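J.: This one is final20.json, JSON, C-alpha atoms.
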[["chain", "number", "residue", "atom", "x", "y", "z"],
["A", 1, "MET", "CA", 24.25, -6.46, 45.06],
["A", 2, "SER", "CA", 22.16, -4.20, 42.79],
["A", 3, "ALA", "CA", 21.93, -0.50, 43.53],
["A", 4, "ALA", "CA", 18.69, 0.92, 44.86],
["A", 5, "PRO", "CA", 16.54, 2.57, 42.18],
["A", 6, "ARG", "CA", 17.00, 6.33, 41.82],
["A", 7, "LEU", "CA", 14.35, 8.36, 43.59],
["A", 8, "ARG", "CA", 12.59, 10.60, 41.10],
["A", 9, "ARG", "CA", 13.09, 14.30, 41.81],
["A", 10, "ALA", "CA", 10.43, 17.00, 41.60],
["A", 11, "VAL", "CA", 11.30, 20.67, 41.98],
["A", 12, "ILE", "CA", 8.67, 23.22, 42.97],
["A", 13, "GLY", "CA", 9.36, 26.92, 42.63],
["A", 14, "GLY", "CA", 7.16, 28.72, 45.14],
["A", 15, "GLY", "CA", 6.37, 25.57, 47.10],
["A", 16, "SER", "CA", 5.44, 27.30, 50.35],
["A", 17, "GLY", "CA", 2.04, 28.60, 49.21],
["A", 18, "TYR", "CA", -1.35, 26.95, 49.45],
["A", 19, "LEU", "CA", -1.15, 25.02, 46.16],
["A", 20, "GLY", "CA", 2.58, 24.40, 46.44],
["A", 21, "THR", "CA", 2.11, 22.74, 49.82],
["A", 22, "ALA", "CA", -0.69, 20.51, 48.47],
["A", 23, "LEU", "CA", 1.43, 19.46, 45.49],
["A", 24, "ARG", "CA", 4.51, 18.86, 47.63],
["A", 25, "ASP", "CA", 2.59, 16.48, 49.89],
["A", 26, "ALA", "CA", 1.01, 14.65, 46.95],
["A", 27, "LEU", "CA", 4.28, 14.19, 45.07],
["A", 28, "ARG", "CA", 5.98, 12.79, 48.15],
["A", 29, "ILE", "CA", 3.18, 10.24, 48.41],
["A", 30, "ASP", "CA", 3.94, 9.39, 44.76],
["A", 31, "GLY", "CA", 7.54, 8.61, 45.72],
["A", 32, "PHE", "CA", 9.25, 11.81, 44.57],
["A", 33, "ASP", "CA", 12.14, 13.50, 46.29],
["A", 34, "VAL", "CA", 10.60, 16.98, 46.40],
["A", 35, "ARG", "CA", 12.88, 20.01, 46.46],
["A", 36, "THR", "CA", 11.76, 23.63, 46.63],
["A", 37, "ILE", "CA", 12.93, 27.04, 45.47],
["A", 38, "GLY", "CA", 11.86, 30.09, 47.47],
["A", 39, "ARG", "CA", 12.90, 33.14, 49.38],
["A", 40, "SER", "CA", 13.69, 31.39, 52.66],
["A", 41, "GLY", "CA", 13.54, 27.90, 54.15],
["A", 42, "ALA", "CA", 13.86, 26.29, 50.71],
["A", 43, "ASP", "CA", 16.51, 24.10, 49.09],
["A", 44, "ALA", "CA", 17.57, 27.00, 46.85],
["A", 45, "ARG", "CA", 16.84, 30.72, 46.80],
["A", 46, "TRP", "CA", 15.68, 32.72, 43.80],
["A", 47, "ASP", "CA", 18.84, 34.84, 43.97],
["A", 48, "ASP", "CA", 21.06, 31.73, 43.68],
["A", 49, "PRO", "CA", 21.15, 30.66, 39.99],
["A", 50, "ALA", "CA", 23.77, 27.99, 40.65],
["A", 51, "GLY", "CA", 21.62, 26.47, 43.38],
["A", 52, "ILE", "CA", 18.56, 26.50, 41.12],
["A", 53, "LEU", "CA", 20.53, 24.79, 38.35],
["A", 54, "ARG", "CA", 21.71, 22.06, 40.73],
["A", 55, "LEU", "CA", 18.10, 21.24, 41.59],
["A", 56, "VAL", "CA", 16.71, 21.45, 38.05],
["A", 57, "ASP", "CA", 19.53, 19.50, 36.35],
["A", 58, "GLY", "CA", 18.48, 15.85, 36.48],
["A", 59, "ALA", "CA", 15.01, 16.54, 37.86],
["A", 60, "ASP", "CA", 12.08, 14.60, 36.41],
["A", 61, "LEU", "CA", 9.43, 17.25, 37.06],
["A", 62, "LEU", "CA", 9.56, 21.02, 37.46],
["A", 63, "ILE", "CA", 6.60, 23.10, 38.67],
["A", 64, "GLY", "CA", 6.74, 26.89, 38.87],
["A", 65, "LEU", "CA", 4.14, 28.51, 41.11],
["A", 66, "ALA", "CA", 5.97, 31.55, 42.44],
["A", 67, "GLY", "CA", 4.36, 34.96, 42.40],
["A", 68, "ARG", "CA", 2.97, 37.58, 44.75],
["A", 69, "ARG", "CA", -0.62, 36.95, 45.76],
["A", 70, "ILE", "CA", -3.17, 38.94, 43.75],
["A", 71, "ASP", "CA", -5.46, 39.25, 46.77],
["A", 72, "CYS", "CA", -4.25, 42.77, 47.47],
["A", 73, "ARG", "CA", -4.89, 46.38, 46.52],
["A", 74, "TYR", "CA", -3.43, 47.18, 43.09],
["A", 75, "THR", "CA", -1.18, 50.03, 44.20],
["A", 76, "ASP", "CA", 1.71, 50.92, 41.89],
["A", 77, "ARG", "CA", 4.10, 49.02, 44.15],
["A", 78, "ASN", "CA", 1.90, 45.91, 44.30],
["A", 79, "ARG", "CA", 1.24, 45.99, 40.55],
["A", 80, "GLU", "CA", 4.97, 45.98, 39.81],
["A", 81, "GLU", "CA", 5.62, 43.20, 42.33],
["A", 82, "ILE", "CA", 2.80, 41.02, 40.97],
["A", 83, "LEU", "CA", 4.32, 41.23, 37.48],
["A", 84, "ARG", "CA", 7.99, 41.08, 38.49],
["A", 85, "SER", "CA", 7.61, 38.15, 40.88],
["A", 86, "ARG", "CA", 6.04, 36.00, 38.14],
["A", 87, "VAL", "CA", 8.22, 36.94, 35.20],
["A", 88, "ARG", "CA", 11.58, 36.92, 37.02],
["A", 89, "THR", "CA", 11.07, 33.57, 38.72],
["A", 90, "THR", "CA", 9.85, 31.98, 35.48],
["A", 91, "ALA", "CA", 12.86, 33.41, 33.63],
["A", 92, "ALA", "CA", 15.15, 31.97, 36.34],
["A", 93, "LEU", "CA", 13.63, 28.53, 35.83],
["A", 94, "HIS", "CA", 13.94, 28.91, 32.06],
["A", 95, "ARG", "CA", 17.66, 29.67, 32.34],
["A", 96, "ALA", "CA", 18.15, 26.59, 34.49],
["A", 97, "VAL", "CA", 16.21, 24.35, 32.10],
["A", 98, "THR", "CA", 18.19, 25.50, 29.06],
["A", 99, "ALA", "CA", 21.53, 25.19, 30.93],
["A", 100, "ALA", "CA", 20.82, 21.74, 32.38],
["A", 101, "ALA", "CA", 22.76, 18.77, 31.05],
["A", 102, "THR", "CA", 19.72, 16.61, 31.83],
["A", 103, "PRO", "CA", 16.67, 18.91, 31.74],
["A", 104, "PRO", "CA", 13.37, 17.89, 33.32],
["A", 105, "ALA", "CA", 10.99, 15.96, 31.09],
["A", 106, "VAL", "CA", 8.10, 18.28, 31.90],
["A", 107, "TRP", "CA", 7.84, 21.82, 33.21],
["A", 108, "MET", "CA", 4.45, 23.07, 34.40],
["A", 109, "ASN", "CA", 4.21, 26.73, 35.22],
["A", 110, "GLY", "CA", 1.58, 28.90, 36.80],
["A", 111, "SER", "CA", -0.69, 31.05, 34.68],
["A", 112, "SER", "CA", -4.20, 32.43, 34.96],
["A", 113, "ALA", "CA", -7.57, 32.18, 33.25],
["A", 114, "THR", "CA", -8.09, 35.89, 33.78],
["A", 115, "ALA", "CA", -6.74, 36.87, 30.35],
["A", 116, "TYR", "CA", -9.70, 35.43, 28.45],
["A", 117, "ARG", "CA", -12.29, 37.98, 27.39],
["A", 118, "TYR", "CA", -15.02, 38.89, 29.87],
["A", 119, "SER", "CA", -18.06, 36.83, 28.92],
["A", 120, "LEU", "CA", -21.55, 36.26, 30.26],
["A", 121, "ASP", "CA", -22.82, 34.05, 27.44],
["A", 122, "THR", "CA", -19.94, 32.09, 25.87],
["A", 123, "PRO", "CA", -17.23, 30.03, 27.60],
["A", 124, "ARG", "CA", -13.61, 30.14, 26.49],
["A", 125, "THR", "CA", -11.28, 27.22, 25.79],
["A", 126, "GLU", "CA", -7.54, 26.95, 25.16],
["A", 127, "ALA", "CA", -8.27, 27.46, 21.44],
["A", 128, "ASP", "CA", -9.45, 31.03, 22.11],
["A", 129, "PRO", "CA", -6.96, 33.92, 22.12],
["A", 130, "LEU", "CA", -6.03, 35.81, 25.27],
["A", 131, "GLU", "CA", -7.73, 38.98, 24.11],
["A", 132, "GLU", "CA", -8.77, 40.66, 27.35],
["A", 133, "LYS", "CA", -6.93, 43.92, 28.04],
["A", 134, "GLY", "CA", -5.69, 45.63, 31.16],
["A", 135, "PHE", "CA", -3.52, 44.83, 34.16],
["A", 136, "SER", "CA", -4.31, 41.18, 34.97],
["A", 137, "PRO", "CA", -4.35, 40.01, 31.32],
["A", 138, "ASP", "CA", -1.04, 41.80, 30.64],
["A", 139, "VAL", "CA", 0.52, 40.03, 33.61],
["A", 140, "THR", "CA", -0.70, 36.66, 32.33],
["A", 141, "ARG", "CA", 0.62, 37.23, 28.81],
["A", 142, "GLU", "CA", 4.09, 38.23, 30.05],
["A", 143, "TRP", "CA", 4.10, 35.30, 32.48],
["A", 144, "GLU", "CA", 3.40, 32.82, 29.69],
["A", 145, "ALA", "CA", 5.86, 34.53, 27.35],
["A", 146, "ALA", "CA", 8.61, 33.92, 29.91],
["A", 147, "LEU", "CA", 7.64, 30.23, 29.93],
["A", 148, "PHE", "CA", 7.30, 29.61, 26.20],
["A", 149, "THR", "CA", 10.15, 31.75, 24.87],
["A", 150, "GLY", "CA", 12.91, 29.94, 22.99],
["A", 151, "GLU", "CA", 13.40, 26.21, 22.53],
["A", 152, "THR", "CA", 13.53, 23.52, 25.22],
["A", 153, "PRO", "CA", 13.80, 20.35, 23.11],
["A", 154, "GLY", "CA", 14.12, 18.02, 26.09],
["A", 155, "THR", "CA", 11.34, 19.58, 28.15],
["A", 156, "ARG", "CA", 7.58, 19.58, 27.59],
["A", 157, "ARG", "CA", 6.09, 22.90, 28.77],
["A", 158, "ILE", "CA", 2.58, 23.44, 30.15],
["A", 159, "ALA", "CA", 0.97, 26.71, 31.27],
["A", 160, "LEU", "CA", -1.52, 26.01, 34.06],
["A", 161, "ARG", "CA", -4.22, 28.61, 33.38],
["A", 162, "THR", "CA", -5.71, 28.37, 36.83],
["A", 163, "SER", "CA", -9.16, 29.50, 37.90],
["A", 164, "LEU", "CA", -10.27, 29.95, 41.52],
["A", 165, "VAL", "CA", -9.08, 26.90, 43.48],
["A", 166, "LEU", "CA", -11.40, 25.93, 46.34],
["A", 167, "GLY", "CA", -10.31, 23.85, 49.30],
["A", 168, "ARG", "CA", -10.19, 23.69, 53.07],
["A", 169, "GLY", "CA", -7.87, 26.47, 54.19],
["A", 170, "ALA", "CA", -7.86, 28.29, 50.86],
["A", 171, "PRO", "CA", -7.85, 32.03, 51.70],
["A", 172, "VAL", "CA", -10.65, 32.99, 49.30],
["A", 173, "MET", "CA", -12.79, 30.04, 50.37],
["A", 174, "GLU", "CA", -12.41, 30.93, 54.03],
["A", 175, "MET", "CA", -13.39, 34.54, 53.35],
["A", 176, "LEU", "CA", -16.51, 33.57, 51.37],
["A", 177, "LEU", "CA", -17.64, 31.05, 53.98],
["A", 178, "ARG", "CA", -17.15, 33.62, 56.73],
["A", 179, "LEU", "CA", -19.32, 36.10, 54.84],
["A", 180, "ALA", "CA", -22.02, 33.46, 54.41],
["A", 181, "ARG", "CA", -22.03, 32.60, 58.13],
["A", 182, "LEU", "CA", -22.36, 36.29, 59.01],
["A", 183, "GLY", "CA", -25.41, 36.71, 56.79],
["A", 184, "LEU", "CA", -23.44, 38.66, 54.17],
["A", 185, "GLY", "CA", -23.35, 35.84, 51.65],
["A", 186, "GLY", "CA", -25.68, 37.35, 49.07],
["A", 187, "PRO", "CA", -24.74, 37.93, 45.42],
["A", 188, "GLN", "CA", -22.39, 40.74, 44.42],
["A", 189, "TYR", "CA", -23.81, 43.14, 41.83],
["A", 190, "ASP", "CA", -21.65, 45.12, 39.44],
["A", 191, "GLY", "CA", -22.44, 48.74, 38.65],
["A", 192, "TRP", "CA", -21.03, 52.23, 38.29],
["A", 193, "TRP", "CA", -18.17, 53.33, 40.51],
["A", 194, "PHE", "CA", -15.77, 56.24, 40.53],
["A", 195, "PRO", "CA", -13.21, 55.89, 37.71],
["A", 196, "HIS", "CA", -9.69, 54.81, 38.64],
["A", 197, "ARG", "CA", -6.52, 53.61, 36.92],
["A", 198, "ARG", "CA", -5.55, 50.59, 39.02],
["A", 199, "TYR", "CA", -6.54, 48.17, 36.25],
["A", 200, "ARG", "CA", -4.53, 49.92, 33.52],
["A", 201, "GLY", "CA", -2.04, 47.88, 31.50],
["A", 202, "ILE", "CA", 1.48, 47.01, 32.56],
["A", 203, "GLY", "CA", 4.68, 45.49, 31.23],
["A", 204, "ALA", "CA", 6.52, 45.67, 27.92],
["A", 205, "HIS", "CA", 3.30, 45.99, 25.90],
["A", 206, "PRO", "CA", 0.67, 47.50, 28.19],
["A", 207, "THR", "CA", -2.95, 47.44, 27.06],
["A", 208, "ASP", "CA", -5.77, 49.52, 28.45],
["A", 209, "PRO", "CA", -9.21, 47.98, 29.00],
["A", 210, "ASP", "CA", -11.39, 48.44, 25.92],
["A", 211, "ARG", "CA", -14.76, 47.97, 27.62],
["A", 212, "PRO", "CA", -16.60, 49.94, 30.33],
["A", 213, "ASP", "CA", -15.35, 49.67, 33.89],
["A", 214, "TYR", "CA", -18.55, 47.89, 34.83],
["A", 215, "GLU", "CA", -21.20, 45.56, 33.44],
["A", 216, "HIS", "CA", -24.81, 45.27, 34.53],
["A", 217, "SER", "CA", -24.29, 41.55, 35.19],
["A", 218, "ARG", "CA", -26.89, 41.44, 38.02],
["A", 219, "GLY", "CA", -24.97, 38.66, 39.76],
["A", 220, "ARG", "CA", -24.77, 36.58, 36.57],
["A", 221, "GLN", "CA", -21.00, 36.99, 36.25],
["A", 222, "ARG", "CA", -19.49, 33.55, 35.81],
["A", 223, "LEU", "CA", -16.98, 31.99, 38.16],
["A", 224, "SER", "CA", -14.75, 29.21, 36.91],
["A", 225, "TRP", "CA", -13.44, 27.18, 39.81],
["A", 226, "MET", "CA", -11.64, 23.93, 40.65],
["A", 227, "HIS", "CA", -11.48, 21.80, 43.77],
["A", 228, "GLU", "CA", -8.02, 21.50, 45.30],
["A", 229, "GLN", "CA", -8.07, 17.70, 44.88],
["A", 230, "ASP", "CA", -8.79, 18.07, 41.17],
["A", 231, "PHE", "CA", -5.96, 20.57, 40.83],
["A", 232, "VAL", "CA", -3.52, 18.09, 42.36],
["A", 233, "GLN", "CA", -4.92, 15.16, 40.38],
["A", 234, "ALA", "CA", -4.82, 17.13, 37.14],
["A", 235, "VAL", "CA", -1.14, 17.96, 37.71],
["A", 236, "ARG", "CA", -0.46, 14.26, 38.23],
["A", 237, "PHE", "CA", -2.45, 13.48, 35.07],
["A", 238, "LEU", "CA", -0.54, 16.04, 32.97],
["A", 239, "ARG", "CA", 2.76, 14.75, 34.33],
["A", 240, "ASP", "CA", 1.98, 11.28, 33.03],
["A", 241, "HIS", "CA", 0.43, 12.22, 29.65],
["A", 242, "ASP", "CA", 3.26, 13.07, 27.30],
["A", 243, "GLU", "CA", 0.91, 14.14, 24.51],
["A", 244, "VAL", "CA", -0.24, 17.26, 26.38],
["A", 245, "ALA", "CA", 1.71, 20.51, 26.06],
["A", 246, "GLY", "CA", 0.92, 24.20, 25.89],
["A", 247, "PRO", "CA", -1.86, 26.01, 27.76],
["A", 248, "VAL", "CA", -4.23, 23.99, 29.95],
["A", 249, "ASN", "CA", -7.32, 25.47, 31.61],
["A", 250, "MET", "CA", -7.41, 24.34, 35.22],
["A", 251, "ALA", "CA", -11.12, 24.60, 35.91],
["A", 252, "SER", "CA", -14.17, 22.46, 36.51],
["A", 253, "PRO", "CA", -16.32, 21.83, 33.41],
["A", 254, "HIS", "CA", -19.24, 23.50, 35.21],
["A", 255, "ALA", "CA", -18.75, 27.20, 35.94],
["A", 256, "VAL", "CA", -21.39, 28.88, 38.10],
["A", 257, "THR", "CA", -22.87, 32.33, 38.36],
["A", 258, "ASN", "CA", -22.10, 34.51, 41.33],
["A", 259, "ILE", "CA", -25.70, 34.01, 42.47],
["A", 260, "ASP", "CA", -25.29, 30.22, 42.39],
["A", 261, "LEU", "CA", -21.94, 30.38, 44.19],
["A", 262, "MET", "CA", -23.25, 32.40, 47.10],
["A", 263, "ARG", "CA", -26.45, 30.33, 47.33],
["A", 264, "THR", "CA", -24.37, 27.13, 47.51],
["A", 265, "LEU", "CA", -22.16, 28.57, 50.25],
["A", 266, "ARG", "CA", -25.16, 29.72, 52.29],
["A", 267, "ARG", "CA", -26.72, 26.30, 52.01],
["A", 268, "ALA", "CA", -23.48, 24.62, 53.08],
["A", 269, "VAL", "CA", -23.25, 26.64, 56.31],
["A", 270, "HIS", "CA", -27.02, 26.69, 56.94],
["A", 271, "ALA", "CA", -27.25, 30.46, 56.66],
["A", 272, "PRO", "CA", -30.95, 31.41, 56.40],
["A", 273, "PHE", "CA", -30.27, 34.52, 54.31],
["A", 274, "GLY", "CA", -27.53, 36.50, 52.64],
["A", 275, "LEU", "CA", -27.58, 40.23, 52.09],
["A", 276, "PRO", "CA", -26.68, 41.23, 48.51],
["A", 277, "ALA", "CA", -23.80, 43.63, 47.91],
["A", 278, "PRO", "CA", -24.16, 46.17, 45.10],
["A", 279, "ARG", "CA", -20.90, 47.68, 43.94],
["A", 280, "PHE", "CA", -21.35, 50.92, 45.91],
["A", 281, "VAL", "CA", -21.40, 48.75, 49.05],
["A", 282, "LEU", "CA", -18.75, 46.30, 47.85],
["A", 283, "GLU", "CA", -16.06, 48.82, 46.89],
["A", 284, "PRO", "CA", -15.64, 50.41, 50.35],
["A", 285, "GLY", "CA", -15.49, 46.93, 51.85],
["A", 286, "MET", "CA", -12.82, 45.86, 49.38],
["A", 287, "ALA", "CA", -10.81, 48.96, 50.25],
["A", 288, "VAL", "CA", -10.97, 48.08, 53.94],
["A", 289, "LEU", "CA", -9.92, 44.49, 53.19],
["A", 290, "ARG", "CA", -7.12, 45.78, 50.93],
["A", 291, "THR", "CA", -8.20, 43.79, 47.91],
["A", 292, "GLU", "CA", -9.93, 44.42, 44.56],
["A", 293, "SER", "CA", -13.54, 44.01, 43.48],
["A", 294, "GLU", "CA", -12.59, 42.55, 40.08],
["A", 295, "LEU", "CA", -11.76, 39.28, 41.83],
["A", 296, "ILE", "CA", -15.50, 38.93, 42.48],
["A", 297, "LEU", "CA", -17.14, 40.98, 39.73],
["A", 298, "LYS", "CA", -15.23, 39.89, 36.63],
["A", 299, "SER", "CA", -16.92, 37.14, 34.62],
["A", 300, "ARG", "CA", -14.35, 34.38, 34.11],
["A", 301, "TRP", "CA", -15.90, 31.48, 32.17],
["A", 302, "VAL", "CA", -13.50, 28.86, 30.85],
["A", 303, "LEU", "CA", -13.80, 25.19, 29.94],
["A", 304, "PRO", "CA", -11.07, 22.55, 30.54],
["A", 305, "GLN", "CA", -11.12, 21.38, 26.92],
["A", 306, "VAL", "CA", -7.55, 20.04, 26.85],
["A", 307, "LEU", "CA", -7.96, 18.06, 30.08],
["A", 308, "GLU", "CA", -11.26, 16.53, 29.01],
["A", 309, "ASP", "CA", -10.03, 15.68, 25.50],
["A", 310, "ALA", "CA", -7.03, 13.91, 27.08],
["A", 311, "GLY", "CA", -9.38, 11.82, 29.23],
["A", 312, "TYR", "CA", -9.19, 13.47, 32.63],
["A", 313, "VAL", "CA", -12.21, 12.66, 34.84],
["A", 314, "PHE", "CA", -13.04, 15.24, 37.48],
["A", 315, "ARG", "CA", -13.62, 14.14, 41.06],
["A", 316, "PHE", "CA", -15.66, 17.26, 41.74],
["A", 317, "PRO", "CA", -17.30, 18.50, 38.54],
["A", 318, "GLU", "CA", -20.19, 20.22, 40.37],
["A", 319, "LEU", "CA", -19.86, 23.03, 42.88],
["A", 320, "ASP", "CA", -22.37, 21.64, 45.38],
["A", 321, "GLY", "CA", -20.42, 18.42, 45.89],
["A", 322, "ALA", "CA", -17.12, 20.30, 46.09],
["A", 323, "VAL", "CA", -18.37, 22.71, 48.75],
["A", 324, "ARG", "CA", -19.96, 19.94, 50.81],
["A", 325, "ALA", "CA", -16.64, 18.06, 50.76],
["A", 326, "ILE", "CA", -14.77, 21.16, 51.88],
["A", 327, "VAL", "CA", -17.03, 22.08, 54.79],
["A", 328, "GLY", "CA", -17.34, 18.45, 55.89],
["A", 329, "ARG", "CA", -21.02, 17.82, 55.13]]
Translate the structure described by the file into C-alpha cells.

T.:
Amino acid sequence: MSAAPRLRRAVIGGGSGYLGTALRDALRIDGFDVRTIGRSGADARWDDPAGILRLVDGADLLIGLAGRRIDCRYTDRNREEILRSRVRTTAALHRAVTAAATPPAVWMNGSSATAYRYSLDTPRTEADPLEEKGFSPDVTREWEAALFTGETPGTRRIALRTSLVLGRGAPVMEMLLRLARLGLGGPQYDGWWFPHRRYRGIGAHPTDPDRPDYEHSRGRQRLSWMHEQDFVQAVRFLRDHDEVAGPVNMASPHAVTNIDLMRTLRRAVHAPFGLPAPRFVLEPGMAVLRTESELILKSRWVLPQVLEDAGYVFRFPELDGAVRAIVGR
C-alpha cells in the first residue's frame, strides 16, 4: 500500500495579523499545512530558535510578515519597536533558513513601498533606488537588508514592498469609511505645521529627510493601494513563478490621488458631502487618534512592474471596483 503524499508545509511569521490571517486561510485552501510563528498562540515563538528551525526545515514556503503596526504615534519607544520588531524577526528567519538541512524553496518577506522618493508626477518601479530619507525609509532599508544579507542558495527570496492593502475589516479601510459616513470624508491637504523630529532617521545608518516637512500637494498626493484579494493572489502567483526574485511592488497598476480616494469612498457609502481637512485641522486629529499624518499626506506612487512583466492579472486594477466589492455594492 503506497504512502499518502506529503502535505506541503507553509510557515508564516506574524500570521495573526490582518494579512497573515488572509494568507493562512488561502494557503490551507491550497492544501498546505500552515504553521505560524508569533508571540503567543503560535506553533513556535520568536524567542525559540530551535522551534523556528523545526518549522522552517523542510517547509516549502516561508512568509515573514511580523512587525509592530505603523498606525501609531512615532514616539521614541514606538520608533525603536517598529524597527526592532521587523529586523529581529527577519534575522531569526534568516538564521533558520541558513541552518536548515532542507531550506524552503521560496521565502517572501514583508517590506514597504514607503522608501521610494516622494513624487507627485512620476511613478516608481522596482528598478528605481530606495532614495527617500527619514524614519520610514530607514526602517524599510534595514528590513530588506536583513532579508537579502548573505547567501541562501536553496531559497528564492522576495521582498514584498507593500502599499496600502484595502479589504473588509482592514483597520485603515474601516477608519476611512467611517470618516466618509460622518461627512468628514473630504480630501486631506498638506501644509505648514510646527516642526518636529518624529520622522528623523533611525538604525545603523540614519538619514534625515532632505526635503521640506510639507508639500503644497492640494490633495494631489498619490496613494498606491491593493485589494486584499490581489495581495493573496499575488503571493500565490509569486510562489509558483520561480523566475521572480528580489523586490516586488505589491500595488495596483492604478494609483489614485487623495481627492479621488475620498470621492470614491463617499460615493460608496452615499455620503452627500465630505469636509476637507487641511493640515492644521488634520494634525490635532491625528494626535488624538495616536497616529501620524504622513500615512495620509505622503505621496506614495509605485507601479507593480515585476508582477505585470511576469504576467500577473489584477482582479481589482481600479479603485472604484475594489471599494464597491469591499462595501458590498

J.: Can you build me a table of segment 103-177 of chain A residues sitting at most 12 Å from segment 253-265 of chain A, with the closest atom pair per residue and its distance in Å to one decimal, using only C-alpha atoms, sorted by chain and residue number, as JSON lines?

T.:
{"residue": "A:Ser119", "atom": "CA", "partner": "A:Thr257", "partner_atom": "CA", "distance": 11.5}
{"residue": "A:Leu120", "atom": "CA", "partner": "A:Thr257", "partner_atom": "CA", "distance": 9.1}
{"residue": "A:Asp121", "atom": "CA", "partner": "A:Thr257", "partner_atom": "CA", "distance": 11.1}
{"residue": "A:Thr122", "atom": "CA", "partner": "A:Ala255", "partner_atom": "CA", "distance": 11.3}
{"residue": "A:Pro123", "atom": "CA", "partner": "A:Ala255", "partner_atom": "CA", "distance": 8.9}
{"residue": "A:Arg124", "atom": "CA", "partner": "A:Pro253", "partner_atom": "CA", "distance": 11.1}
{"residue": "A:Thr125", "atom": "CA", "partner": "A:Pro253", "partner_atom": "CA", "distance": 10.6}
{"residue": "A:Ser163", "atom": "CA", "partner": "A:Ala255", "partner_atom": "CA", "distance": 10.1}
{"residue": "A:Leu164", "atom": "CA", "partner": "A:Ala255", "partner_atom": "CA", "distance": 10.5}
{"residue": "A:Leu166", "atom": "CA", "partner": "A:Leu261", "partner_atom": "CA", "distance": 11.6}
{"residue": "A:Met173", "atom": "CA", "partner": "A:Leu265", "partner_atom": "CA", "distance": 9.5}
{"residue": "A:Glu174", "atom": "CA", "partner": "A:Leu265", "partner_atom": "CA", "distance": 10.7}
{"residue": "A:Met175", "atom": "CA", "partner": "A:Leu265", "partner_atom": "CA", "distance": 11.1}
{"residue": "A:Leu176", "atom": "CA", "partner": "A:Leu265", "partner_atom": "CA", "distance": 7.6}
{"residue": "A:Leu177", "atom": "CA", "partner": "A:Leu265", "partner_atom": "CA", "distance": 6.4}

J.: With distances taken over only C-alpha atoms, which residue among A:Glu283, A:Asp47, A:Asp208, A:Asp240 lies nearest Trp193 of chain A?

T.: A:Glu283

J.: Which of these residues is nearest to Asp57 of chain A, using all atoms listed in the file: A:Ala180, A:Arg84, A:Ala100, A:Thr36?

T.: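 Comparing A:Ala180, A:Arg84, A:Ala100, A:Thr36 against Asp57 of chain A, the winner is A:Ala100.
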
J.: Rounded to one decimal, what separation in Å do you get between atom CA of Val34 of chain A and atom CA of Ala101 of chain A?

T.: 19.7 Å

J.: Would you mind reading off the distance between atom CA of Ile63 of chain A and atom CA of Val11 of chain A, one decimal, in Å?

T.: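 Separating atom CA of Ile63 of chain A from atom CA of Val11 of chain A is a distance of 6.2 Å.
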
J.: How many Å separate atom CA of Glu294 of chain A from atom CA of Val235 of chain A?

T.: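 So the answer is 27.2 Å.
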
J.: Using only C-alpha atoms, which protein or nucleic acid residues come within 12 Å of Val244 of chain A? Drop anything in the same chain fewer than 3 positions from it, and give the result as a list of chain:residue names.

T.: A:Val106, A:Trp107, A:Met108, A:Thr155, A:Arg156, A:Arg157, A:Ile158, A:Ala159, A:Leu160, A:Ala234, A:Val235, A:Phe237, A:Leu238, A:Arg239, A:Asp240, A:His241, A:Pro247, A:Val248, A:Gln305, A:Val306, A:Leu307, A:Glu308, A:Asp309, A:Ala310, A:Gly311, A:Tyr312

J.: Tell me which of A:Arg211, A:Arg315, A:Glu142, A:Arg73 sits closest to Ser293 of chain A, counting all atoms listed in the file.

T.: A:Arg73

J.: Go through A:Ala44, A:Ile70, A:Val323, A:Val139 and flag the residue nearest Ser111 of chain A, using all atoms listed in the file for the distances.

T.: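 Going through A:Ala44, A:Ile70, A:Val323, A:Val139 one by one, the smallest distance to Ser111 of chain A is for A:Val139.
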
J.: Taking only C-alpha atoms into account, name the residue in A:Ile12, A:Val97, A:Gly110, A:Glu132 that is nearest to Leu62 of chain A.

T.: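 Closest residue, counting only C-alpha atoms: A:Ile12.
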
J.: Let me make sure I understand: among A:Gly183, A:Gly219, A:Pro137, A:Pro49, which one has the smallest atom-to-atom distance to Arg200 of chain A if we use all atoms listed in the file?

T.: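 Comparing A:Gly183, A:Gly219, A:Pro137, A:Pro49 against Arg200 of chain A, the winner is A:Pro137.
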
J.: Please provide the set of residues having any atom within 9 Å of Ala92 of chain A, restricted to only C-alpha atoms, with same-chain residues fewer than 2 positions apart removed, written as a list in words.

T.: Trp46, Asp47, Pro49, Ile52, Val87, Arg88, Thr89, Thr90, His94, Arg95, Ala96 and Val97 of chain A
